[in-house]
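The data block below is my_file.pdb; it holds PDB, N, CA and C atoms.
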ATOM      1  N   MET M   1      35.610  -5.186   3.703  1.00  0.00           N
ATOM      2  CA  MET M   1      35.834  -4.036   2.859  1.00  0.00           C
ATOM      3  C   MET M   1      34.514  -3.668   2.187  1.00  0.00           C
ATOM      4  N   ASN M   2      34.197  -2.401   2.234  1.00  0.00           N
ATOM      5  CA  ASN M   2      33.018  -1.912   1.540  1.00  0.00           C
ATOM      6  C   ASN M   2      33.269  -0.474   1.090  1.00  0.00           C
ATOM      7  N   TYR M   3      32.401   0.019   0.244  1.00  0.00           N
ATOM      8  CA  TYR M   3      32.543   1.354  -0.332  1.00  0.00           C
ATOM      9  C   TYR M   3      32.669   2.409   0.759  1.00  0.00           C
ATOM     10  N   LYS M   4      33.710   3.203   0.681  1.00  0.00           N
ATOM     11  CA  LYS M   4      34.032   4.299   1.608  1.00  0.00           C
ATOM     12  C   LYS M   4      34.234   3.824   3.036  1.00  0.00           C
ATOM     13  N   ASP M   5      34.254   2.506   3.258  1.00  0.00           N
ATOM     14  CA  ASP M   5      34.461   1.929   4.582  1.00  0.00           C
ATOM     15  C   ASP M   5      33.525   2.561   5.614  1.00  0.00           C
ATOM     16  N   MET M   6      32.249   2.688   5.225  1.00  0.00           N
ATOM     17  CA  MET M   6      31.245   3.263   6.129  1.00  0.00           C
ATOM     18  C   MET M   6      29.896   2.608   5.897  1.00  0.00           C
ATOM     19  N   THR M   7      28.948   2.935   6.752  1.00  0.00           N
ATOM     20  CA  THR M   7      27.587   2.421   6.631  1.00  0.00           C
ATOM     21  C   THR M   7      26.657   3.557   6.243  1.00  0.00           C
ATOM     22  N   PHE M   8      25.873   3.310   5.204  1.00  0.00           N
ATOM     23  CA  PHE M   8      24.896   4.289   4.737  1.00  0.00           C
ATOM     24  C   PHE M   8      23.537   3.965   5.331  1.00  0.00           C
ATOM     25  N   CYS M   9      22.682   4.971   5.438  1.00  0.00           N
ATOM     26  CA  CYS M   9      21.340   4.803   5.983  1.00  0.00           C
ATOM     27  C   CYS M   9      20.399   4.280   4.901  1.00  0.00           C
ATOM     28  N   HIS M  10      19.551   3.349   5.280  1.00  0.00           N
ATOM     29  CA  HIS M  10      18.604   2.768   4.329  1.00  0.00           C
ATOM     30  C   HIS M  10      17.171   3.162   4.691  1.00  0.00           C
ATOM     31  N   SER M  11      16.980   4.440   5.044  1.00  0.00           N
ATOM     32  CA  SER M  11      15.637   4.917   5.372  1.00  0.00           C
ATOM     33  C   SER M  11      15.059   5.652   4.164  1.00  0.00           C
ATOM     34  N   ASP M  12      13.865   6.174   4.322  1.00  0.00           N
ATOM     35  CA  ASP M  12      13.213   6.933   3.257  1.00  0.00           C
ATOM     36  C   ASP M  12      13.525   8.427   3.356  1.00  0.00           C
ATOM     37  N   CYS M  13      14.542   8.781   4.099  1.00  0.00           N
ATOM     38  CA  CYS M  13      14.926  10.176   4.317  1.00  0.00           C
ATOM     39  C   CYS M  13      15.272  10.867   2.995  1.00  0.00           C
ATOM     40  N   ILE M  14      14.861  12.115   2.884  1.00  0.00           N
ATOM     41  CA  ILE M  14      15.149  12.878   1.663  1.00  0.00           C
ATOM     42  C   ILE M  14      16.233  13.930   1.881  1.00  0.00           C
ATOM     43  N   ASN M  15      16.925  13.876   3.005  1.00  0.00           N
ATOM     44  CA  ASN M  15      17.989  14.825   3.306  1.00  0.00           C
ATOM     45  C   ASN M  15      19.245  14.452   2.505  1.00  0.00           C
ATOM     46  N   VAL M  16      19.415  15.083   1.365  1.00  0.00           N
ATOM     47  CA  VAL M  16      20.548  14.753   0.495  1.00  0.00           C
ATOM     48  C   VAL M  16      21.862  15.332   1.008  1.00  0.00           C
ATOM     49  N   LYS M  17      21.813  16.186   2.012  1.00  0.00           N
ATOM     50  CA  LYS M  17      23.036  16.741   2.591  1.00  0.00           C
ATOM     51  C   LYS M  17      23.621  15.853   3.684  1.00  0.00           C
ATOM     52  N   CYS M  18      22.869  14.857   4.106  1.00  0.00           N
ATOM     53  CA  CYS M  18      23.341  13.939   5.139  1.00  0.00           C
ATOM     54  C   CYS M  18      24.473  13.078   4.579  1.00  0.00           C
ATOM     55  N   TYR M  19      25.527  12.921   5.362  1.00  0.00           N
ATOM     56  CA  TYR M  19      26.664  12.142   4.883  1.00  0.00           C
ATOM     57  C   TYR M  19      26.355  10.650   4.772  1.00  0.00           C
ATOM     58  N   ARG M  20      25.275  10.192   5.369  1.00  0.00           N
ATOM     59  CA  ARG M  20      24.894   8.776   5.254  1.00  0.00           C
ATOM     60  C   ARG M  20      23.904   8.518   4.111  1.00  0.00           C
ATOM     61  N   ASN M  21      23.514   9.549   3.388  1.00  0.00           N
ATOM     62  CA  ASN M  21      22.598   9.405   2.254  1.00  0.00           C
ATOM     63  C   ASN M  21      23.349   8.772   1.083  1.00  0.00           C
ATOM     64  N   PHE M  22      22.850   7.653   0.585  1.00  0.00           N
ATOM     65  CA  PHE M  22      23.477   6.981  -0.559  1.00  0.00           C
ATOM     66  C   PHE M  22      22.839   7.529  -1.831  1.00  0.00           C
ATOM     67  N   SER M  23      23.472   8.536  -2.372  1.00  0.00           N
ATOM     68  CA  SER M  23      22.954   9.264  -3.530  1.00  0.00           C
ATOM     69  C   SER M  23      23.269   8.539  -4.839  1.00  0.00           C
ATOM     70  N   PRO M  24      22.643   8.958  -5.923  1.00  0.00           N
ATOM     71  CA  PRO M  24      23.006   8.407  -7.232  1.00  0.00           C
ATOM     72  C   PRO M  24      24.492   8.622  -7.549  1.00  0.00           C
ATOM     73  N   GLU M  25      25.056   9.722  -7.057  1.00  0.00           N
ATOM     74  CA  GLU M  25      26.482   9.969  -7.259  1.00  0.00           C
ATOM     75  C   GLU M  25      27.333   8.948  -6.515  1.00  0.00           C
ATOM     76  N   HIS M  26      26.889   8.570  -5.303  1.00  0.00           N
ATOM     77  CA  HIS M  26      27.598   7.515  -4.566  1.00  0.00           C
ATOM     78  C   HIS M  26      27.515   6.200  -5.331  1.00  0.00           C
ATOM     79  N   LYS M  27      26.347   5.883  -5.853  1.00  0.00           N
ATOM     80  CA  LYS M  27      26.187   4.631  -6.600  1.00  0.00           C
ATOM     81  C   LYS M  27      27.129   4.604  -7.803  1.00  0.00           C
ATOM     82  N   GLU M  28      27.203   5.703  -8.515  1.00  0.00           N
ATOM     83  CA  GLU M  28      28.094   5.789  -9.673  1.00  0.00           C
ATOM     84  C   GLU M  28      29.560   5.639  -9.249  1.00  0.00           C
ATOM     85  N   ALA M  29      29.940   6.315  -8.172  1.00  0.00           N
ATOM     86  CA  ALA M  29      31.318   6.236  -7.689  1.00  0.00           C
ATOM     87  C   ALA M  29      31.658   4.836  -7.188  1.00  0.00           C
ATOM     88  N   ALA M  30      30.719   4.188  -6.509  1.00  0.00           N
ATOM     89  CA  ALA M  30      30.947   2.835  -6.023  1.00  0.00           C
ATOM     90  C   ALA M  30      31.131   1.867  -7.187  1.00  0.00           C
ATOM     91  N   THR M  31      30.326   2.035  -8.215  1.00  0.00           N
ATOM     92  CA  THR M  31      30.453   1.191  -9.411  1.00  0.00           C
ATOM     93  C   THR M  31      31.806   1.391 -10.071  1.00  0.00           C
ATOM     94  N   LYS M  32      32.229   2.630 -10.176  1.00  0.00           N
ATOM     95  CA  LYS M  32      33.533   2.931 -10.782  1.00  0.00           C
ATOM     96  C   LYS M  32      34.666   2.357  -9.925  1.00  0.00           C
ATOM     97  N   TRP M  33      34.564   2.503  -8.622  1.00  0.00           N
ATOM     98  CA  TRP M  33      35.575   1.996  -7.694  1.00  0.00           C
ATOM     99  C   TRP M  33      35.689   0.476  -7.778  1.00  0.00           C
ATOM    100  N   TRP M  34      34.547  -0.199  -7.829  1.00  0.00           N
ATOM    101  CA  TRP M  34      34.525  -1.659  -7.801  1.00  0.00           C
ATOM    102  C   TRP M  34      34.741  -2.274  -9.184  1.00  0.00           C
ATOM    103  N   GLY M  35      34.362  -1.541 -10.223  1.00  0.00           N
ATOM    104  CA  GLY M  35      34.527  -2.053 -11.579  1.00  0.00           C
ATOM    105  C   GLY M  35      33.255  -2.605 -12.189  1.00  0.00           C
ATOM    106  N   ASN M  36      32.193  -2.710 -11.391  1.00  0.00           N
ATOM    107  CA  ASN M  36      30.883  -3.135 -11.899  1.00  0.00           C
ATOM    108  C   ASN M  36      29.820  -2.706 -10.891  1.00  0.00           C
ATOM    109  N   ASP M  37      28.561  -3.053 -11.177  1.00  0.00           N
ATOM    110  CA  ASP M  37      27.462  -2.564 -10.324  1.00  0.00           C
ATOM    111  C   ASP M  37      27.155  -3.450  -9.118  1.00  0.00           C
ATOM    112  N   THR M  38      28.098  -4.292  -8.719  1.00  0.00           N
ATOM    113  CA  THR M  38      27.897  -5.125  -7.533  1.00  0.00           C
ATOM    114  C   THR M  38      28.847  -4.734  -6.402  1.00  0.00           C
ATOM    115  N   ALA M  39      29.192  -3.468  -6.315  1.00  0.00           N
ATOM    116  CA  ALA M  39      30.110  -2.993  -5.283  1.00  0.00           C
ATOM    117  C   ALA M  39      29.561  -3.312  -3.889  1.00  0.00           C
ATOM    118  N   PRO M  40      30.434  -3.702  -2.976  1.00  0.00           N
ATOM    119  CA  PRO M  40      29.976  -3.936  -1.605  1.00  0.00           C
ATOM    120  C   PRO M  40      29.709  -2.601  -0.907  1.00  0.00           C
ATOM    121  N   VAL M  41      28.444  -2.371  -0.572  1.00  0.00           N
ATOM    122  CA  VAL M  41      28.025  -1.146   0.106  1.00  0.00           C
ATOM    123  C   VAL M  41      27.278  -1.571   1.364  1.00  0.00           C
ATOM    124  N   ALA M  42      27.668  -1.027   2.501  1.00  0.00           N
ATOM    125  CA  ALA M  42      27.017  -1.370   3.767  1.00  0.00           C
ATOM    126  C   ALA M  42      25.866  -0.408   4.038  1.00  0.00           C
ATOM    127  N   PHE M  43      24.712  -0.977   4.387  1.00  0.00           N
ATOM    128  CA  PHE M  43      23.528  -0.190   4.733  1.00  0.00           C
ATOM    129  C   PHE M  43      23.037  -0.587   6.113  1.00  0.00           C
ATOM    130  N   SER M  44      22.642   0.398   6.895  1.00  0.00           N
ATOM    131  CA  SER M  44      21.968   0.158   8.160  1.00  0.00           C
ATOM    132  C   SER M  44      20.498  -0.019   7.830  1.00  0.00           C
ATOM    133  N   PRO M  45      19.765  -0.807   8.605  1.00  0.00           N
ATOM    134  CA  PRO M  45      18.327  -0.885   8.351  1.00  0.00           C
ATOM    135  C   PRO M  45      17.709   0.504   8.309  1.00  0.00           C
ATOM    136  N   SER M  46      18.088   1.398   9.213  1.00  0.00           N
ATOM    137  CA  SER M  46      17.616   2.778   9.188  1.00  0.00           C
ATOM    138  C   SER M  46      18.194   3.521  10.379  1.00  0.00           C
ATOM    139  N   TYR M  47      18.633   4.734  10.145  1.00  0.00           N
ATOM    140  CA  TYR M  47      19.046   5.617  11.234  1.00  0.00           C
ATOM    141  C   TYR M  47      17.912   6.583  11.564  1.00  0.00           C
ATOM    142  N   ARG M  48      16.767   6.366  10.985  1.00  0.00           N
ATOM    143  CA  ARG M  48      15.618   7.276  11.091  1.00  0.00           C
ATOM    144  C   ARG M  48      15.249   7.608  12.534  1.00  0.00           C
ATOM    145  N   ASP M  49      15.075   6.596  13.364  1.00  0.00           N
ATOM    146  CA  ASP M  49      14.681   6.827  14.757  1.00  0.00           C
ATOM    147  C   ASP M  49      15.829   7.468  15.523  1.00  0.00           C
ATOM    148  N   GLY M  50      15.575   8.625  16.062  1.00  0.00           N
ATOM    149  CA  GLY M  50      16.583   9.316  16.844  1.00  0.00           C
ATOM    150  C   GLY M  50      17.526  10.192  16.039  1.00  0.00           C
ATOM    151  N   CYS M  51      17.357  10.250  14.730  1.00  0.00           N
ATOM    152  CA  CYS M  51      18.226  11.073  13.892  1.00  0.00           C
ATOM    153  C   CYS M  51      17.641  12.469  13.767  1.00  0.00           C
ATOM    154  N   GLU M  52      18.384  13.462  14.222  1.00  0.00           N
ATOM    155  CA  GLU M  52      17.873  14.836  14.151  1.00  0.00           C
ATOM    156  C   GLU M  52      17.940  15.416  12.746  1.00  0.00           C
ATOM    157  N   ASP M  53      18.640  14.744  11.826  1.00  0.00           N
ATOM    158  CA  ASP M  53      18.728  15.209  10.437  1.00  0.00           C
ATOM    159  C   ASP M  53      17.705  14.541   9.516  1.00  0.00           C
ATOM    160  N   TYR M  54      16.927  13.590  10.065  1.00  0.00           N
ATOM    161  CA  TYR M  54      15.939  12.876   9.249  1.00  0.00           C
ATOM    162  C   TYR M  54      14.894  13.834   8.689  1.00  0.00           C
ATOM    163  N   GLN M  55      14.636  13.711   7.399  1.00  0.00           N
ATOM    164  CA  GLN M  55      13.592  14.497   6.735  1.00  0.00           C
ATOM    165  C   GLN M  55      12.648  13.530   6.032  1.00  0.00           C
ATOM    166  N   GLN M  56      11.408  13.535   6.472  1.00  0.00           N
ATOM    167  CA  GLN M  56      10.404  12.620   5.929  1.00  0.00           C
ATOM    168  C   GLN M  56       9.970  13.092   4.529  1.00  0.00           C
ATOM    169  N   PRO M  57       9.847  12.161   3.577  1.00  0.00           N
ATOM    170  CA  PRO M  57       9.340  12.544   2.249  1.00  0.00           C
ATOM    171  C   PRO M  57       7.864  12.906   2.353  1.00  0.00           C
ATOM    172  N   ASN M  58       7.411  13.771   1.443  1.00  0.00           N
ATOM    173  CA  ASN M  58       5.980  14.082   1.467  1.00  0.00           C
ATOM    174  C   ASN M  58       5.210  12.952   0.793  1.00  0.00           C
ATOM    175  N   VAL M  59       3.934  12.868   1.049  1.00  0.00           N
ATOM    176  CA  VAL M  59       3.091  11.769   0.560  1.00  0.00           C
ATOM    177  C   VAL M  59       3.155  11.648  -0.967  1.00  0.00           C
ATOM    178  N   GLY M  60       3.155  12.747  -1.698  1.00  0.00           N
ATOM    179  CA  GLY M  60       3.214  12.706  -3.155  1.00  0.00           C
ATOM    180  C   GLY M  60       4.469  12.044  -3.668  1.00  0.00           C
ATOM    181  N   GLU M  61       5.602  12.248  -2.990  1.00  0.00           N
ATOM    182  CA  GLU M  61       6.850  11.607  -3.397  1.00  0.00           C
ATOM    183  C   GLU M  61       6.794  10.102  -3.175  1.00  0.00           C
ATOM    184  N   LEU M  62       6.148   9.670  -2.080  1.00  0.00           N
ATOM    185  CA  LEU M  62       6.051   8.247  -1.814  1.00  0.00           C
ATOM    186  C   LEU M  62       5.152   7.550  -2.836  1.00  0.00           C
ATOM    187  N   ILE M  63       4.045   8.191  -3.215  1.00  0.00           N
ATOM    188  CA  ILE M  63       3.105   7.585  -4.143  1.00  0.00           C
ATOM    189  C   ILE M  63       3.671   7.598  -5.568  1.00  0.00           C
ATOM    190  N   ASN M  64       4.269   8.696  -5.968  1.00  0.00           N
ATOM    191  CA  ASN M  64       4.773   8.830  -7.331  1.00  0.00           C
ATOM    192  C   ASN M  64       6.206   8.324  -7.483  1.00  0.00           C
ATOM    193  N   GLY M  65       6.876   8.126  -6.348  1.00  0.00           N
ATOM    194  CA  GLY M  65       8.205   7.661  -6.207  1.00  0.00           C
ATOM    195  C   GLY M  65       9.073   7.528  -7.310  1.00  0.00           C
TER     196      GLY M  65
END
Would you encode the structure as structure tokens?
Amino acid sequence: MNYKDMTFCHSDCINVKCYRNFSPEHKEAATKWWGNDTAPVAFSPSYRDGCEDYQQPNVGELING
């Protein structure tokens, strides 16, 4: 059992419209669902390779992160 019974992408993608993007809203909802901040959330190492929705962050975002 894990949050939303799905796997989220763990890449540096900035596409917030992607359904695999684990947003701050997802984190908040997972915490509320589980009752604390240790909710079981499944992450893939990365869907980056071969994903047509992948959007690379610009260099300034990576440095200032």
Output check: residues returned by the PyMOL selection byres ((chain M and resi 42-44) around 5), as a PyMOL selection string: chain M and resi 7-10+40-41+45-46
As a check of understanding, name the residues that the PyMOL selection byres ((chain M and resi 14) around 7) selects in the supplied structure, as a list of chain:residue names.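 Output of the PyMOL selection byres ((chain M and resi 14) around 7): M:Ser11, M:Asp12, M:Cys13, M:Asn15, M:Val16, M:Lys17, M:Tyr54, M:Gln55, M:Gln56, M:Pro57.
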Of the residues M:Thr38, M:Gly50, M:Arg20, M:Val59, which is the one nearest to Met6 (chain M), using only C-alpha atoms? M:Arg20
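The space between CA of Tyr3 (chain M) and CA of Tyr47 (chain M) spans 18.3 Å.
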Atom pair CA of Glu25 (chain M) / CA of Cys51 (chain M): separation (Å):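 Rounded to one decimal, the two atoms are 22.7 Å apart.
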Give the padded box for region 1-8 of chain M as AutoDock Vina command-line options: axis-aligned, covering all atoms listed in the file, 4 Å on each side, centre and edge lengths in Å to one decimal.
--center_x 29.7 --center_y -0.4 --center_z 3.2 --size_x 20.3 --size_y 17.5 --size_z 15.1
Kindly give the distance, in Å, that separates CA of Met1 (chain M) and CA of Ser23 (chain M), rounded to a single decimal.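 Interatomic distance, CA of Met1 (chain M) to CA of Ser23 (chain M): 19.6 Å.
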